[in-house]
>>> print(open('final_33.csv').read())   # CSV, N, CA and C atoms
chain,number,residue,atom,x,y,z
A,7,MET,N,-131.6,-149.8,-72.7
A,7,MET,CA,-132.4,-150.0,-71.5
A,7,MET,C,-133.4,-151.2,-71.8
A,8,ASN,N,-133.4,-152.1,-70.9
A,8,ASN,CA,-134.3,-153.3,-71.2
A,8,ASN,C,-135.6,-153.2,-70.3
A,9,LYS,N,-136.5,-154.2,-70.5
A,9,LYS,CA,-137.8,-154.2,-69.8
A,9,LYS,C,-137.6,-154.2,-68.3
A,10,ASP,N,-136.7,-154.9,-67.8
A,10,ASP,CA,-136.5,-155.0,-66.3
A,10,ASP,C,-136.1,-153.6,-65.8
A,11,GLU,N,-135.2,-152.9,-66.5
A,11,GLU,CA,-134.8,-151.6,-66.1
A,11,GLU,C,-135.9,-150.6,-66.1
A,12,MET,N,-136.7,-150.7,-67.1
A,12,MET,CA,-137.8,-149.7,-67.2
A,12,MET,C,-138.9,-150.0,-66.1
A,13,GLU,N,-139.2,-151.3,-66.0
A,13,GLU,CA,-140.2,-151.6,-64.9
A,13,GLU,C,-139.7,-151.3,-63.5
A,14,GLY,N,-138.4,-151.4,-63.3
A,14,GLY,CA,-137.8,-151.1,-62.1
A,14,GLY,C,-137.9,-149.6,-61.8
A,15,LYS,N,-137.6,-148.8,-62.8
A,15,LYS,CA,-137.7,-147.3,-62.7
A,15,LYS,C,-139.2,-146.9,-62.4
A,16,VAL,N,-140.1,-147.6,-63.0
A,16,VAL,CA,-141.5,-147.2,-62.8
A,16,VAL,C,-141.9,-147.6,-61.3
A,17,GLU,N,-141.5,-148.8,-60.9
A,17,GLU,CA,-141.8,-149.2,-59.5
A,17,GLU,C,-141.2,-148.2,-58.5
A,18,LYS,N,-139.9,-147.8,-58.7
A,18,LYS,CA,-139.3,-146.9,-57.9
A,18,LYS,C,-140.1,-145.5,-57.8
A,19,ALA,N,-140.5,-145.1,-58.9
A,19,ALA,CA,-141.3,-143.8,-59.0
A,19,ALA,C,-142.6,-143.9,-58.2
A,20,LYS,N,-143.3,-145.0,-58.5
A,20,LYS,CA,-144.6,-145.3,-57.8
A,20,LYS,C,-144.4,-145.3,-56.3
A,21,GLY,N,-143.3,-146.0,-55.9
A,21,GLY,CA,-143.0,-146.2,-54.5
A,21,GLY,C,-142.7,-144.9,-53.8
A,22,TYR,N,-141.9,-144.0,-54.5
A,22,TYR,CA,-141.6,-142.7,-54.0
A,22,TYR,C,-142.8,-141.9,-53.8
A,23,VAL,N,-143.7,-141.9,-54.7
A,23,VAL,CA,-145.0,-141.1,-54.6
A,23,VAL,C,-145.8,-141.6,-53.4
A,24,LYS,N,-145.9,-142.9,-53.3
A,24,LYS,CA,-146.7,-143.5,-52.2
A,24,LYS,C,-146.0,-143.1,-50.8
A,25,GLU,N,-144.7,-143.2,-50.8
A,25,GLU,CA,-144.0,-143.0,-49.6
A,25,GLU,C,-144.2,-141.5,-49.1
A,26,LYS,N,-144.0,-140.6,-50.1
A,26,LYS,CA,-144.1,-139.2,-49.8
A,26,LYS,C,-145.6,-138.8,-49.4
A,27,THR,N,-146.5,-139.4,-50.1
A,27,THR,CA,-147.9,-139.2,-49.8
A,27,THR,C,-148.3,-139.7,-48.4
A,28,GLY,N,-147.7,-140.9,-48.0
A,28,GLY,CA,-147.9,-141.4,-46.7
A,28,GLY,C,-147.4,-140.4,-45.6
A,29,GLN,N,-146.2,-139.8,-45.9
A,29,GLN,CA,-145.6,-138.9,-45.0
A,29,GLN,C,-146.5,-137.7,-44.8
A,30,VAL,N,-147.0,-137.1,-45.9
A,30,VAL,CA,-147.8,-135.9,-45.9
A,30,VAL,C,-149.1,-136.1,-45.2
A,31,ILE,N,-149.8,-137.2,-45.5
A,31,ILE,CA,-151.1,-137.4,-44.8
A,31,ILE,C,-151.0,-138.2,-43.5
A,32,GLY,N,-149.8,-138.5,-43.1
A,32,GLY,CA,-149.6,-139.2,-41.8
A,32,GLY,C,-150.1,-140.6,-41.8
A,33,ASN,N,-149.9,-141.3,-42.9
A,33,ASN,CA,-150.3,-142.7,-43.0
A,33,ASN,C,-149.0,-143.6,-43.1
A,34,PRO,N,-148.6,-144.2,-42.0
A,34,PRO,CA,-147.4,-144.9,-42.0
A,34,PRO,C,-147.5,-146.2,-42.8
A,35,ASP,N,-148.7,-146.8,-42.9
A,35,ASP,CA,-148.8,-148.0,-43.7
A,35,ASP,C,-148.5,-147.7,-45.2
A,36,LEU,N,-149.1,-146.6,-45.7
A,36,LEU,CA,-148.8,-146.2,-47.1
A,36,LEU,C,-147.3,-145.8,-47.3
A,37,GLU,N,-146.8,-145.2,-46.3
A,37,GLU,CA,-145.4,-144.8,-46.4
A,37,GLU,C,-144.5,-146.1,-46.4
A,38,ASP,N,-144.8,-147.1,-45.6
A,38,ASP,CA,-144.0,-148.3,-45.6
A,38,ASP,C,-144.2,-149.1,-47.0
A,39,GLU,N,-145.5,-149.1,-47.5
A,39,GLU,CA,-145.7,-149.7,-48.8
A,39,GLU,C,-144.9,-149.1,-49.9
A,40,GLY,N,-144.8,-147.7,-49.8
A,40,GLY,CA,-144.1,-147.0,-50.8
A,40,GLY,C,-142.6,-147.3,-50.7
A,41,ALA,N,-142.1,-147.4,-49.5
A,41,ALA,CA,-140.7,-147.7,-49.3
A,41,ALA,C,-140.4,-149.1,-49.8
A,42,ALA,N,-141.3,-150.1,-49.6
A,42,ALA,CA,-141.1,-151.4,-50.1
A,42,ALA,C,-141.1,-151.5,-51.6
A,43,GLU,N,-142.0,-150.7,-52.2
A,43,GLU,CA,-142.0,-150.7,-53.7
A,43,GLU,C,-140.8,-150.1,-54.3
A,44,ARG,N,-140.3,-149.0,-53.6
A,44,ARG,CA,-139.0,-148.4,-54.1
A,44,ARG,C,-137.9,-149.4,-54.0
A,45,THR,N,-137.8,-150.2,-53.0
A,45,THR,CA,-136.7,-151.2,-52.8
A,45,THR,C,-136.8,-152.3,-53.9
A,46,ALA,N,-138.1,-152.7,-54.1
A,46,ALA,CA,-138.3,-153.7,-55.1
A,46,ALA,C,-137.9,-153.2,-56.5
A,47,GLY,N,-138.3,-152.0,-56.7
A,47,GLY,CA,-137.9,-151.3,-58.0
A,47,GLY,C,-136.4,-151.2,-58.2
A,48,LYS,N,-135.7,-150.9,-57.2
A,48,LYS,CA,-134.3,-150.8,-57.3
A,48,LYS,C,-133.7,-152.1,-57.6
A,49,ALA,N,-134.2,-153.2,-57.0
A,49,ALA,CA,-133.7,-154.5,-57.2
A,49,ALA,C,-133.9,-154.9,-58.6
A,50,GLN,N,-135.2,-154.7,-59.1
A,50,GLN,CA,-135.5,-155.1,-60.5
A,50,GLN,C,-134.6,-154.3,-61.5
A,51,GLU,N,-134.4,-153.0,-61.2
A,51,GLU,CA,-133.6,-152.2,-62.1
A,51,GLU,C,-132.1,-152.8,-62.1
A,52,ALA,N,-131.6,-153.2,-61.0
A,52,ALA,CA,-130.3,-153.7,-60.9
A,52,ALA,C,-130.2,-155.0,-61.7
A,53,ILE,N,-131.2,-155.8,-61.6
A,53,ILE,CA,-131.2,-157.1,-62.3
A,53,ILE,C,-131.2,-156.8,-63.8
A,54,GLY,N,-132.0,-155.8,-64.2
A,54,GLY,CA,-132.0,-155.4,-65.6
A,54,GLY,C,-130.7,-154.9,-66.1
A,55,LYS,N,-130.0,-154.1,-65.3
A,55,LYS,CA,-128.7,-153.6,-65.7
A,55,LYS,C,-127.7,-154.8,-65.8
A,56,ALA,N,-127.8,-155.7,-64.9
A,56,ALA,CA,-126.9,-156.9,-65.0
A,56,ALA,C,-127.1,-157.7,-66.2
A,57,LYS,N,-128.4,-157.9,-66.6
A,57,LYS,CA,-128.7,-158.7,-67.8
A,57,LYS,C,-128.2,-158.0,-69.0
A,58,ARG,N,-128.3,-156.6,-69.0
A,58,ARG,CA,-127.9,-155.9,-70.2
A,58,ARG,C,-126.4,-155.9,-70.3
A,59,LYS,N,-125.7,-155.8,-69.2
A,59,LYS,CA,-124.2,-155.8,-69.3
A,59,LYS,C,-123.7,-157.2,-69.6
A,60,ALA,N,-124.4,-158.2,-69.2
A,60,ALA,CA,-124.0,-159.6,-69.6
A,60,ALA,C,-124.2,-159.8,-71.1
A,61,GLY,N,-125.3,-159.3,-71.6
A,61,GLY,CA,-125.6,-159.4,-73.0
A,61,GLY,C,-124.5,-158.6,-73.8
A,62,GLU,N,-124.2,-157.4,-73.3
A,62,GLU,CA,-123.2,-156.7,-74.0
A,62,GLU,C,-121.8,-157.4,-74.0
A,63,ALA,N,-121.5,-158.0,-72.9
A,63,ALA,CA,-120.2,-158.7,-72.8
A,63,ALA,C,-120.2,-159.9,-73.8
A,64,ILE,N,-121.3,-160.6,-73.9
A,64,ILE,CA,-121.4,-161.7,-74.8
A,64,ILE,C,-121.3,-161.2,-76.3
A,65,GLU,N,-121.9,-160.1,-76.6
A,65,GLU,CA,-121.8,-159.5,-77.9
A,65,GLU,C,-120.4,-159.2,-78.2
A,66,ASP,N,-119.7,-158.5,-77.3
A,66,ASP,CA,-118.3,-158.2,-77.4
A,66,ASP,C,-117.4,-159.4,-77.7
A,67,LEU,N,-117.7,-160.4,-76.9
A,67,LEU,CA,-116.9,-161.7,-77.1
A,67,LEU,C,-117.2,-162.3,-78.5
A,68,GLY,N,-118.4,-162.2,-78.9
A,68,GLY,CA,-118.8,-162.7,-80.3
A,68,GLY,C,-118.0,-161.9,-81.3
A,69,GLU,N,-117.9,-160.6,-81.2
A,69,GLU,CA,-117.2,-159.8,-82.1
A,69,GLU,C,-115.7,-160.1,-82.2
A,70,LYS,N,-115.2,-160.4,-81.0
A,70,LYS,CA,-113.7,-160.7,-80.9
A,70,LYS,C,-113.5,-162.1,-81.6
A,71,ILE,N,-114.4,-163.0,-81.4
A,71,ILE,CA,-114.3,-164.3,-82.0
A,71,ILE,C,-114.3,-164.2,-83.6
A,72,LYS,N,-115.1,-163.3,-84.1
A,72,LYS,CA,-115.3,-163.2,-85.5
A,72,LYS,C,-114.0,-162.6,-86.1
A,73,GLU,N,-113.2,-161.9,-85.4
A,73,GLU,CA,-112.0,-161.2,-85.9
A,73,GLU,C,-111.0,-162.2,-86.3
>>> encode(input="final_33.csv", output="structure tokens")
Amino acid sequence: MNKDEMEGKVEKAKGYVKEKTGQVIGNPDLEDEGAAERTAGKAQEAIGKAKRKAGEAIEDLGEKIKE
């Protein structure tokens, strides 16, 4: 897991808490803010996964070239 994946997971968690808190206390602005943070976190996590998979593919290619 890389930095982008970790930060994305943290943002998703923070967003979830804000979203649920907004629902409980009846604050639609907080709820919307939380939903936006969750979406941004999902995107950042996806970017991190893509970076990791690209890195792994490059490493695999390098190993095959060495053979």
>>> atom_distance(input="final_33.csv", atom1="CA of Ala42 in chain A", atom2="atom C of Ala60 in chain A")
28.2 Å
>>> residues_around(input="final_33.csv", residues="range 8-24 of chain A", least_positions_apart="5", cutoff="9 Å", atoms="only C-alpha atoms", output="tab-separated table (two decimals) with N, CA and C atoms, in the coordinates of the input")
chain	number	residue	atom	x	y	z
A	29	GLN	N	-146.20	-139.80	-45.90
A	29	GLN	CA	-145.60	-138.90	-45.00
A	29	GLN	C	-146.50	-137.70	-44.80
A	36	LEU	N	-149.10	-146.60	-45.70
A	36	LEU	CA	-148.80	-146.20	-47.10
A	36	LEU	C	-147.30	-145.80	-47.30
A	37	GLU	N	-146.80	-145.20	-46.30
A	37	GLU	CA	-145.40	-144.80	-46.40
A	37	GLU	C	-144.50	-146.10	-46.40
A	38	ASP	N	-144.80	-147.10	-45.60
A	38	ASP	CA	-144.00	-148.30	-45.60
A	38	ASP	C	-144.20	-149.10	-47.00
A	39	GLU	N	-145.50	-149.10	-47.50
A	39	GLU	CA	-145.70	-149.70	-48.80
A	39	GLU	C	-144.90	-149.10	-49.90
A	40	GLY	N	-144.80	-147.70	-49.80
A	40	GLY	CA	-144.10	-147.00	-50.80
A	40	GLY	C	-142.60	-147.30	-50.70
A	41	ALA	N	-142.10	-147.40	-49.50
A	41	ALA	CA	-140.70	-147.70	-49.30
A	41	ALA	C	-140.40	-149.10	-49.80
A	42	ALA	N	-141.30	-150.10	-49.60
A	42	ALA	CA	-141.10	-151.40	-50.10
A	42	ALA	C	-141.10	-151.50	-51.60
A	43	GLU	N	-142.00	-150.70	-52.20
A	43	GLU	CA	-142.00	-150.70	-53.70
A	43	GLU	C	-140.80	-150.10	-54.30
A	44	ARG	N	-140.30	-149.00	-53.60
A	44	ARG	CA	-139.00	-148.40	-54.10
A	44	ARG	C	-137.90	-149.40	-54.00
A	45	THR	N	-137.80	-150.20	-53.00
A	45	THR	CA	-136.70	-151.20	-52.80
A	45	THR	C	-136.80	-152.30	-53.90
A	46	ALA	N	-138.10	-152.70	-54.10
A	46	ALA	CA	-138.30	-153.70	-55.10
A	46	ALA	C	-137.90	-153.20	-56.50
A	47	GLY	N	-138.30	-152.00	-56.70
A	47	GLY	CA	-137.90	-151.30	-58.00
A	47	GLY	C	-136.40	-151.20	-58.20
A	48	LYS	N	-135.70	-150.90	-57.20
A	48	LYS	CA	-134.30	-150.80	-57.30
A	48	LYS	C	-133.70	-152.10	-57.60
A	49	ALA	N	-134.20	-153.20	-57.00
A	49	ALA	CA	-133.70	-154.50	-57.20
A	49	ALA	C	-133.90	-154.90	-58.60
A	50	GLN	N	-135.20	-154.70	-59.10
A	50	GLN	CA	-135.50	-155.10	-60.50
A	50	GLN	C	-134.60	-154.30	-61.50
A	51	GLU	N	-134.40	-153.00	-61.20
A	51	GLU	CA	-133.60	-152.20	-62.10
A	51	GLU	C	-132.10	-152.80	-62.10
A	52	ALA	N	-131.60	-153.20	-61.00
A	52	ALA	CA	-130.30	-153.70	-60.90
A	52	ALA	C	-130.20	-155.00	-61.70
A	53	ILE	N	-131.20	-155.80	-61.60
A	53	ILE	CA	-131.20	-157.10	-62.30
A	53	ILE	C	-131.20	-156.80	-63.80
A	54	GLY	N	-132.00	-155.80	-64.20
A	54	GLY	CA	-132.00	-155.40	-65.60
A	54	GLY	C	-130.70	-154.90	-66.10
A	55	LYS	N	-130.00	-154.10	-65.30
A	55	LYS	CA	-128.70	-153.60	-65.70
A	55	LYS	C	-127.70	-154.80	-65.80
A	57	LYS	N	-128.40	-157.90	-66.60
A	57	LYS	CA	-128.70	-158.70	-67.80
A	57	LYS	C	-128.20	-158.00	-69.00
A	58	ARG	N	-128.30	-156.60	-69.00
A	58	ARG	CA	-127.90	-155.90	-70.20
A	58	ARG	C	-126.40	-155.90	-70.30
>>> axis_aligned_box(input="final_33.csv", around="range 60-63 of chain A", padding_each_side="4 Å", output="lines of an AutoDock Vina configuration file")
center_x = -122.9
center_y = -158.3
center_z = -71.6
size_x = 13.4
size_y = 11.2
size_z = 12.8
